[in-house]
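Next comes target_6.tsv, a file with TSV, C-alpha atoms.
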```tsv
chain	number	residue	atom	x	y	z
I	1472	MET	CA	122.17	1.17	67.09
I	1473	THR	CA	124.79	2.38	64.65
I	1474	VAL	CA	124.55	5.81	63.04
I	1475	SER	CA	123.85	4.13	59.68
I	1476	ASN	CA	120.99	2.15	61.15
I	1477	GLU	CA	119.66	5.29	62.82
I	1478	LEU	CA	119.48	7.04	59.41
I	1479	ALA	CA	117.59	4.08	57.90
I	1480	SER	CA	115.19	4.00	60.85
I	1481	LEU	CA	114.60	7.77	60.55
I	1482	GLU	CA	113.88	7.46	56.82
I	1483	GLN	CA	111.27	4.76	57.46
I	1484	GLU	CA	109.69	6.63	60.39
I	1485	ALA	CA	109.40	9.86	58.38
I	1486	ALA	CA	107.80	8.07	55.42
I	1487	ILE	CA	105.19	6.38	57.68
I	1488	ALA	CA	104.44	9.67	59.47
I	1489	LEU	CA	104.01	11.52	56.15
I	1490	GLU	CA	101.36	9.03	55.00
I	1491	SER	CA	99.15	10.01	57.95
I	1492	VAL	CA	99.40	13.76	57.32
I	1493	GLY	CA	95.93	15.07	56.32
I	1494	ASP	CA	96.27	18.84	56.11
I	1495	LEU	CA	98.80	21.64	55.73
I	1496	ALA	CA	99.02	22.29	59.45
I	1497	ALA	CA	99.99	18.67	60.12
I	1498	LEU	CA	102.44	18.82	57.23
I	1499	ALA	CA	104.16	21.85	58.77
I	1500	GLU	CA	104.42	19.92	62.05
I	1501	TRP	CA	105.94	16.95	60.16
I	1502	LYS	CA	108.56	19.23	58.57
I	1503	SER	CA	109.51	20.69	61.94
I	1504	THR	CA	109.81	17.18	63.45
I	1505	TYR	CA	112.05	15.68	60.79
I	1506	THR	CA	113.89	18.37	58.78
I	1507	GLY	CA	113.64	21.46	60.95
I	1508	LYS	CA	116.49	23.11	62.84
I	1509	SER	CA	115.71	21.03	65.91
I	1510	GLY	CA	114.39	18.05	63.96
I	1511	ALA	CA	115.44	14.44	64.05
I	1512	LEU	CA	117.69	14.63	60.98
I	1513	THR	CA	119.57	17.61	62.40
I	1514	ARG	CA	120.16	15.73	65.68
I	1515	VAL	CA	121.49	12.67	63.83
I	1516	SER	CA	123.84	14.80	61.68
I	1517	ARG	CA	125.44	16.17	64.85
I	1518	SER	CA	126.86	12.71	65.60
I	1519	LEU	CA	129.25	13.17	62.66
I	1520	GLY	CA	132.04	14.16	65.07
I	1521	THR	CA	131.84	10.82	66.90
I	1522	LEU	CA	132.65	8.80	63.80
I	1523	PRO	CA	136.12	7.78	62.63
I	1524	VAL	CA	137.59	10.15	60.10
I	1525	GLU	CA	137.35	7.67	57.21
I	1526	GLN	CA	133.56	7.18	57.78
I	1527	ARG	CA	132.64	10.81	57.91
I	1528	PRO	CA	132.43	11.56	54.13
I	1529	GLU	CA	130.07	8.65	53.50
I	1530	PHE	CA	127.93	9.57	56.51
I	1531	GLY	CA	127.69	13.23	55.36
I	1532	ARG	CA	126.70	12.11	51.89
I	1533	ARG	CA	123.89	9.90	53.25
I	1534	VAL	CA	122.60	12.67	55.54
I	1535	ASN	CA	122.40	15.12	52.64
I	1536	GLN	CA	120.75	12.49	50.45
I	1537	LEU	CA	118.10	11.81	53.10
I	1538	ARG	CA	117.47	15.53	53.61
I	1539	GLU	CA	116.90	16.01	49.88
I	1540	GLN	CA	114.61	13.00	49.84
I	1541	LEU	CA	112.53	14.25	52.76
I	1542	GLU	CA	112.33	17.79	51.34
I	1543	ALA	CA	111.14	16.42	47.98
I	1544	ALA	CA	108.51	14.32	49.76
I	1545	TYR	CA	107.43	17.41	51.69
I	1546	ALA	CA	107.06	19.50	48.50
I	1547	ALA	CA	105.02	16.79	46.79
I	1548	ALA	CA	102.75	16.39	49.83
I	1549	GLU	CA	102.31	20.18	50.11
I	1550	GLN	CA	101.20	20.50	46.47
I	1551	HIS	CA	98.79	17.59	46.87
I	1552	LEU	CA	97.24	19.05	50.05
I	1553	LYS	CA	96.87	22.55	48.52
I	1554	LEU	CA	95.04	21.14	45.49
I	1555	ALA	CA	92.81	19.06	47.78
I	1556	ALA	CA	92.03	22.13	49.95
I	1557	GLN	CA	91.19	24.20	46.88
I	1558	ALA	CA	88.90	21.50	45.52
I	1559	ALA	CA	87.13	21.25	48.90
I	1560	GLU	CA	86.66	25.04	49.00
I	1561	LEU	CA	85.23	25.10	45.49
I	1562	ALA	CA	82.87	22.25	46.34
I	1563	ALA	CA	81.67	24.01	49.50
I	1564	GLU	CA	81.07	27.29	47.67
I	1565	ARG	CA	79.60	25.76	44.51
I	1566	ILE	CA	76.68	27.63	42.96
I	1567	ASP	CA	73.79	25.45	41.95
I	1568	VAL	CA	72.73	27.05	38.67
I	1569	THR	CA	69.62	24.88	38.58
I	1570	LEU	CA	68.11	26.70	41.57
I	1571	PRO	CA	65.63	29.51	40.81
I	1572	GLY	CA	67.25	32.94	40.87
I	1573	ARG	CA	66.38	35.75	43.23
I	1574	THR	CA	63.79	38.06	41.73
I	1575	PRO	CA	65.35	41.54	41.39
I	1576	ALA	CA	63.59	44.46	43.03
I	1577	LEU	CA	61.68	46.35	40.35
I	1578	GLY	CA	61.03	50.06	40.31
I	1579	TYR	CA	57.67	51.74	39.88
I	1580	VAL	CA	56.29	53.82	37.05
I	1581	HIS	CA	55.72	57.33	38.39
I	1582	LEU	CA	52.08	58.26	38.76
I	1583	THR	CA	52.46	61.20	36.36
I	1584	ASN	CA	53.88	58.88	33.70
I	1585	GLN	CA	51.06	56.40	34.32
I	1586	VAL	CA	48.49	59.12	33.64
I	1587	LEU	CA	50.37	60.38	30.58
I	1588	ALA	CA	50.56	56.84	29.19
I	1589	GLN	CA	46.81	56.46	29.63
I	1590	VAL	CA	46.22	59.87	28.02
I	1591	GLN	CA	48.36	58.91	25.02
I	1592	GLU	CA	46.45	55.64	24.66
I	1593	ILE	CA	43.07	57.41	24.74
I	1594	PHE	CA	44.00	60.13	22.25
I	1595	GLY	CA	45.75	57.53	20.10
I	1596	GLU	CA	42.43	55.74	19.78
I	1597	MET	CA	41.04	58.98	18.30
I	1598	GLY	CA	43.86	59.28	15.78
I	1599	PHE	CA	46.06	61.80	17.58
I	1600	LEU	CA	49.81	61.44	17.03
I	1601	VAL	CA	52.17	62.04	19.95
I	1602	THR	CA	55.00	64.49	19.35
I	1603	GLU	CA	57.37	66.55	21.46
I	1604	SER	CA	58.59	70.14	21.52
I	1605	PRO	CA	61.50	71.93	23.28
I	1606	GLU	CA	61.30	72.75	26.99
I	1607	VAL	CA	63.61	75.74	26.39
I	1608	GLU	CA	61.67	77.97	24.07
I	1609	PHE	CA	61.76	81.35	22.31
I	1610	ASP	CA	59.55	84.05	23.79
I	1611	GLU	CA	58.06	84.45	20.34
I	1612	TYR	CA	56.79	80.85	20.24
I	1613	ASN	CA	55.73	80.82	23.89
I	1614	PHE	CA	53.78	84.09	23.72
I	1615	SER	CA	53.72	86.23	20.58
I	1616	LEU	CA	52.68	83.61	18.04
I	1617	LEU	CA	50.03	82.37	20.48
I	1618	ASN	CA	48.32	85.79	20.49
I	1619	PHE	CA	49.65	86.98	23.87
I	1620	ALA	CA	49.79	90.77	24.02
I	1621	ASP	CA	53.20	92.40	24.39
I	1622	ASP	CA	52.28	93.67	27.85
I	1623	HIS	CA	50.85	90.35	29.10
I	1624	PRO	CA	51.84	89.80	32.78
I	1625	ALA	CA	53.16	86.31	32.00
I	1626	ARG	CA	56.04	87.93	30.12
I	1627	ASP	CA	57.35	89.51	33.33
I	1628	MET	CA	60.54	88.14	34.83
I	1629	GLN	CA	58.61	87.68	38.08
I	1630	ASP	CA	56.16	85.28	36.39
I	1631	THR	CA	58.37	83.33	34.01
I	1632	PHE	CA	61.86	81.81	34.04
I	1633	TYR	CA	63.92	83.61	31.41
I	1634	LEU	CA	67.47	82.64	30.45
I	1635	ASP	CA	70.24	85.15	31.04
I	1636	LEU	CA	71.60	85.77	27.53
I	1637	PRO	CA	73.48	88.64	25.80
I	1638	ASP	CA	71.40	91.73	24.99
I	1639	ASP	CA	71.48	91.04	21.25
I	1640	ALA	CA	70.24	87.44	21.66
I	1641	PRO	CA	66.57	86.57	21.22
I	1642	SER	CA	64.50	86.23	24.38
I	1643	VAL	CA	64.57	82.62	25.59
I	1644	LEU	CA	62.72	81.05	28.51
I	1645	LEU	CA	61.58	77.79	30.07
I	1646	ARG	CA	58.23	77.19	28.43
I	1647	THR	CA	55.24	78.03	30.62
I	1648	HIS	CA	52.90	75.66	28.76
I	1649	THR	CA	53.07	73.05	26.01
I	1650	SER	CA	51.23	75.35	23.58
I	1651	PRO	CA	54.41	76.56	21.77
I	1652	GLY	CA	54.51	73.07	20.29
I	1653	GLN	CA	51.32	73.93	18.42
I	1654	ILE	CA	53.10	76.56	16.32
I	1655	ARG	CA	56.07	74.28	15.62
I	1656	VAL	CA	53.89	71.38	14.48
I	1657	MET	CA	51.58	73.63	12.46
I	1658	ARG	CA	54.47	75.22	10.60
I	1659	GLU	CA	55.87	71.77	9.82
I	1660	ARG	CA	52.57	70.30	8.59
I	1661	ALA	CA	50.61	73.24	7.10
I	1662	PRO	CA	48.38	73.13	5.13
I	1663	GLU	CA	47.68	69.47	5.97
I	1664	PRO	CA	44.93	68.59	8.48
I	1665	LEU	CA	46.37	67.28	11.71
I	1666	ARG	CA	45.61	65.77	15.10
I	1667	ILE	CA	48.47	66.07	17.58
I	1668	LEU	CA	49.08	65.34	21.28
I	1669	LEU	CA	51.94	67.25	22.95
I	1670	PRO	CA	52.91	66.00	26.45
I	1671	GLY	CA	55.81	67.41	28.48
I	1672	LYS	CA	57.18	69.44	31.38
I	1673	VAL	CA	56.40	73.12	31.87
I	1674	TYR	CA	57.81	75.72	34.28
I	1675	ARG	CA	56.37	78.71	36.09
I	1676	ASN	CA	57.67	81.01	38.78
I	1677	GLU	CA	55.10	79.80	41.28
I	1678	GLN	CA	55.30	79.65	45.04
I	1679	VAL	CA	55.35	75.94	45.89
I	1680	THR	CA	52.25	75.03	47.89
I	1681	VAL	CA	49.95	72.05	48.28
I	1682	ARG	CA	48.20	73.15	45.07
I	1683	SER	CA	51.02	74.54	42.90
I	1684	GLU	CA	54.54	73.63	41.78
I	1685	MET	CA	57.19	75.50	39.80
I	1686	MET	CA	57.63	72.45	37.53
I	1687	PHE	CA	54.78	70.21	36.45
I	1688	HIS	CA	53.43	68.48	33.34
I	1689	GLN	CA	50.85	69.29	30.71
I	1690	PHE	CA	49.49	67.61	27.64
I	1691	GLU	CA	48.27	69.68	24.74
I	1692	PHE	CA	45.86	68.31	22.15
I	1693	LEU	CA	45.35	70.00	18.80
I	1694	ALA	CA	43.15	69.24	15.81
I	1695	ILE	CA	43.00	71.29	12.57
I	1696	GLY	CA	40.92	70.64	9.48
I	1697	ARG	CA	38.02	71.89	7.45
I	1698	HIS	CA	34.64	72.36	9.15
I	1699	ILE	CA	35.84	71.46	12.66
I	1700	THR	CA	33.38	72.82	15.22
I	1701	MET	CA	32.88	73.19	18.95
I	1702	GLY	CA	30.79	70.02	18.75
I	1703	ASP	CA	33.88	68.09	17.64
I	1704	LEU	CA	35.76	69.47	20.64
I	1705	LYS	CA	33.03	68.46	23.09
I	1706	GLY	CA	32.76	65.00	21.53
I	1707	THR	CA	36.52	64.53	21.90
I	1708	LEU	CA	36.36	65.65	25.52
I	1709	ALA	CA	33.39	63.40	26.27
I	1710	TYR	CA	35.23	60.35	24.91
I	1711	PHE	CA	38.35	61.27	26.86
I	1712	ALA	CA	36.38	61.73	30.11
I	1713	GLU	CA	34.61	58.38	29.85
I	1714	ARG	CA	37.84	56.53	29.05
I	1715	MET	CA	39.77	58.28	31.81
I	1716	TYR	CA	37.17	58.35	34.59
I	1717	GLY	CA	34.72	55.62	33.66
I	1718	PRO	CA	31.45	55.11	31.78
I	1719	GLY	CA	28.74	57.65	32.50
I	1720	THR	CA	31.14	60.54	33.18
I	1721	LYS	CA	29.60	63.77	31.91
I	1722	VAL	CA	31.37	66.83	30.50
I	1723	ARG	CA	30.52	70.48	31.06
I	1724	LEU	CA	32.07	73.49	29.31
I	1725	ARG	CA	32.05	76.88	31.03
I	1726	PRO	CA	32.94	80.11	29.17
I	1727	SER	CA	36.44	81.36	29.91
I	1728	PHE	CA	39.27	83.30	28.25
I	1729	PHE	CA	42.61	82.24	26.80
I	1730	PRO	CA	44.58	84.37	24.33
I	1731	PHE	CA	45.07	81.52	21.87
I	1732	THR	CA	41.47	80.23	21.64
I	1733	GLU	CA	38.16	81.90	20.77
I	1734	PRO	CA	35.70	80.92	22.08
I	1735	SER	CA	37.41	79.50	25.15
I	1736	ALA	CA	36.09	77.22	27.89
I	1737	GLU	CA	36.96	75.50	31.12
I	1738	MET	CA	36.21	71.79	31.05
I	1739	ASP	CA	34.52	70.12	34.02
I	1740	VAL	CA	33.66	66.46	34.48
I	1741	SER	CA	30.97	65.06	36.73
I	1742	CYS	CA	32.50	63.92	40.00
I	1743	PHE	CA	33.38	60.27	39.56
I	1744	LEU	CA	33.49	59.73	43.33
I	1745	CYS	CA	29.99	60.86	44.23
I	1746	GLY	CA	28.37	60.59	40.80
I	1747	GLY	CA	27.55	64.29	40.79
I	1748	THR	CA	25.59	64.34	44.05
I	1749	GLY	CA	28.27	66.34	45.87
I	1750	CYS	CA	31.17	65.37	48.14
I	1751	ARG	CA	34.29	66.78	49.78
I	1752	VAL	CA	36.47	66.22	46.71
I	1753	CYS	CA	34.17	68.18	44.35
I	1754	LYS	CA	33.37	70.69	47.11
I	1755	TYR	CA	29.77	69.54	46.96
I	1756	ALA	CA	29.34	71.02	43.48
I	1757	GLY	CA	29.10	67.68	41.68
I	1758	TRP	CA	31.71	68.80	39.12
I	1759	LEU	CA	35.51	68.70	38.92
I	1760	GLU	CA	37.51	71.23	36.88
I	1761	ILE	CA	40.04	69.49	34.61
I	1762	GLY	CA	41.54	72.12	32.26
I	1763	GLY	CA	41.08	74.70	29.54
I	1764	CYS	CA	40.17	74.34	25.88
I	1765	GLY	CA	38.54	76.13	22.97
I	1766	MET	CA	38.44	76.78	19.25
I	1767	MET	CA	41.75	77.98	17.85
I	1768	HIS	CA	42.04	81.75	17.49
I	1769	PRO	CA	42.30	82.91	13.84
I	1770	ASN	CA	45.57	84.69	14.63
I	1771	VAL	CA	47.13	81.47	15.92
I	1772	LEU	CA	45.97	79.56	12.86
I	1773	ARG	CA	47.42	82.26	10.65
I	1774	ASN	CA	50.74	82.26	12.58
I	1775	GLY	CA	50.94	78.51	12.12
I	1776	GLY	CA	50.50	78.73	8.36
I	1777	TYR	CA	46.77	77.97	8.04
I	1778	ASP	CA	44.16	80.20	6.42
I	1779	PRO	CA	41.42	80.76	9.05
I	1780	GLU	CA	38.93	81.32	6.24
I	1781	GLU	CA	39.47	77.73	5.11
I	1782	PHE	CA	40.60	75.88	8.25
I	1783	SER	CA	39.39	75.69	11.83
I	1784	GLY	CA	40.52	73.73	14.80
I	1785	PHE	CA	40.37	73.16	18.52
I	1786	ALA	CA	43.01	72.86	21.23
I	1787	GLY	CA	43.20	72.18	24.94
I	1788	GLY	CA	45.70	71.78	27.70
I	1789	PHE	CA	45.33	69.68	30.86
I	1790	GLY	CA	47.63	68.75	33.73
I	1791	PRO	CA	48.19	65.03	34.41
I	1792	GLU	CA	49.06	65.80	38.03
I	1793	ARG	CA	45.67	67.47	38.49
I	1794	ILE	CA	43.92	64.53	36.84
I	1795	ALA	CA	45.77	62.14	39.18
I	1796	MET	CA	45.04	64.27	42.25
I	1797	LEU	CA	41.32	64.23	41.51
I	1798	LYS	CA	41.25	60.56	40.51
I	1799	TYR	CA	43.17	59.27	43.54
I	1800	GLY	CA	42.21	61.85	46.16
I	1801	ILE	CA	45.72	63.33	46.49
I	1802	ASP	CA	45.61	66.62	48.39
I	1803	ASP	CA	49.25	67.77	48.07
I	1804	ILE	CA	50.96	68.14	44.67
I	1805	ARG	CA	54.36	68.29	46.35
I	1806	GLY	CA	54.24	64.53	46.85
I	1807	PHE	CA	54.71	63.96	43.12
I	1808	TYR	CA	58.29	65.30	43.12
I	1809	SER	CA	59.33	64.93	46.76
I	1810	GLY	CA	61.53	61.90	45.99
I	1811	ASP	CA	59.66	59.92	48.67
I	1812	THR	CA	59.35	56.38	47.30
I	1813	ARG	CA	56.42	55.70	49.63
I	1814	PHE	CA	54.31	58.04	47.50
I	1815	VAL	CA	55.25	56.28	44.24
I	1816	GLU	CA	54.82	52.78	45.70
I	1817	GLN	CA	51.15	53.44	46.47
I	1818	PHE	CA	50.41	53.49	42.75
I	1819	GLY	CA	52.81	50.78	41.56
```
Let me see the structure of the file written as C-alpha cells.
Amino acid sequence: MTVSNELASLEQEAAIALESVGDLAALAEWKSTYTGKSGALTRVSRSLGTLPVEQRPEFGRRVNQLREQLEAAYAAAEQHLKLAAQAAELAAERIDVTLPGRTPALGYVHLTNQVLAQVQEIFGEMGFLVTESPEVEFDEYNFSLLNFADDHPARDMQDTFYLDLPDDAPSVLLRTHTSPGQIRVMRERAPEPLRILLPGKVYRNEQVTVRSEMMFHQFEFLAIGRHITMGDLKGTLAYFAERMYGPGTKVRLRPSFFPFTEPSAEMDVSCFLCGGTGCRVCKYAGWLEIGGCGMMHPNVLRNGGYDPEEFSGFAGGFGPERIAMLKYGIDDIRGFYSGDTRFVEQFG
C-alpha cells in the first residue's frame, strides 16, 4: 500500500469509527487513536522521510489537511455529545409540576395566645374594644395615678424592675400590671363612656417557681359610664365564665383589697372539672380563683379625667396563663416559656 493510499484508508476508517462513538469518553478514545501523539495519523506522517524529495511537499499538505479535517469532525462530535448529555441530565432531573407539593410544616399558636384570642372574642361580643399600652411605663402611671401610696412595697427596687436612668429623669419601669393602660385610655377618651380590653405582658421581680414567673401576661377590662354598678360587673364576669369554661359555670366574688378599686373582690368560678363537688385541681373546695376585680376607685376615675360624682365603672385583671393552667390541668407555669416545642404541640 502506498503512503497516499494509506492516508485515504485512514480517513475512511476514522470516519466510520466516529459514527459509532456514543459518549464523550469514547470520543476521547477516538481522538487518541487517530490524532493523538501516538495516533495513526502521527505514525503515517513519520513516513515522510521515506518518500522522494519531490513528493514530500504534497504528502505534507495532505497530512495537514487530513488532521484539520479530523479535528473539525472531533469538535463537531464533541459539541453534539455535550448537548445530548445535557438534555439527558435535564430529562432525568425534570420536576413534574403537576404532582402535589409537599405540605410545609406549620407552627403552633402558643397556648397563651390561644387564650388571649378567646378572651378578646368573648369581650368583643360584649362591646369591649381591644387596645394596647406601653410595656415600659412611668412610675406615675403604674402606681401613683392608680392610687398606690408613695410607700407601697411594690415601688421597691426589690419588687419591681426599674430602668437605670439619670437622676433628673422621671422614674421608669417595666409595668407590673396592665392597669396603667386604664389611665392612658381614660385620658384619651374622657368624658366619653368606654369599654376597653387591655391585653399584654407584665413583669415582676419574682422568684421563678412552678407557680410564678418574672414575665407573664394579663388582660385588663375596663368599663366606665353612668349608673354602672357591681351588678354589671358580676353579669360581665358570669358571661365571661360561661363562654370560657362552659355552660353552667358559676361565679363567686369574695371581698378583697386593691388600691385602684373600691369595693374590690377576688373572682372564683365553679370548678369545671368536678362541677363544684371537689377535686384535686380545686383542692376539694369546688371553686377556682381566677383574678381580681372591683368598682373603680373615685381617685382613679378622677385621675383619668372622669367626675366620680357623675361616672362610675368597674375593672378587673386576669392572667391567661392561670386560666390555661386551670383549664388544661397544667401544674408548672415554667412550661409556657421554656422553649420546649413539646409543650406547645400539645395544644396545637
(request) Extract, using only C-alpha atoms, all DNA, RNA and protein residues at most 12 Å from Ala1625 of chain I, discarding same-chain residues fewer than 3 positions from it, and format them as a ChimeraX atom specification. (result) /I:1610,1613-1615,1619-1622,1628-1633,1644,1646-1648,1674-1677,1730
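Minimum atom-to-atom distances from I:Glu1737, I:Glu1691, I:Asp1778, I:Asp1567 to Trp1758 of chain I were compared using all atoms listed in the file, and the lowest value belongs to I:Glu1737.
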(request) Please indicate the distance in Å from atom CA of Val1590 of chain I to atom CA of Ile1794 of chain I, rounded to one decimal place. (result)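 If I compute the distance from atom CA of Val1590 of chain I to atom CA of Ile1794 of chain I, I get 10.2 Å.
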(message) Please compute the atom CA of Ala1485 of chain I-atom CA of Gln1526 of chain I distance, one decimal, in Å.
(response)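 Atom-to-atom, atom CA of Ala1485 of chain I and atom CA of Gln1526 of chain I are spaced 24.3 Å apart.
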(message) Would you pick out the contacts of segment 1708-1724 of chain I at 7 Å or less, using all atoms listed in the file, so that residues sharing its chain but fewer than 5 positions from it are not included, and give the list as a list in words?
(response)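 Near neighbours after the sequence-gap exclusion: Ile1593, Ala1736, Glu1737, Met1738, Asp1739, Val1740, Ser1741 and Phe1743 of chain I.
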(request) Find the distance between atom CA of Phe1807 of chain I and atom CA of Gln1589 of chain I and write it in Å to one decimal. (result) 17.3 Å
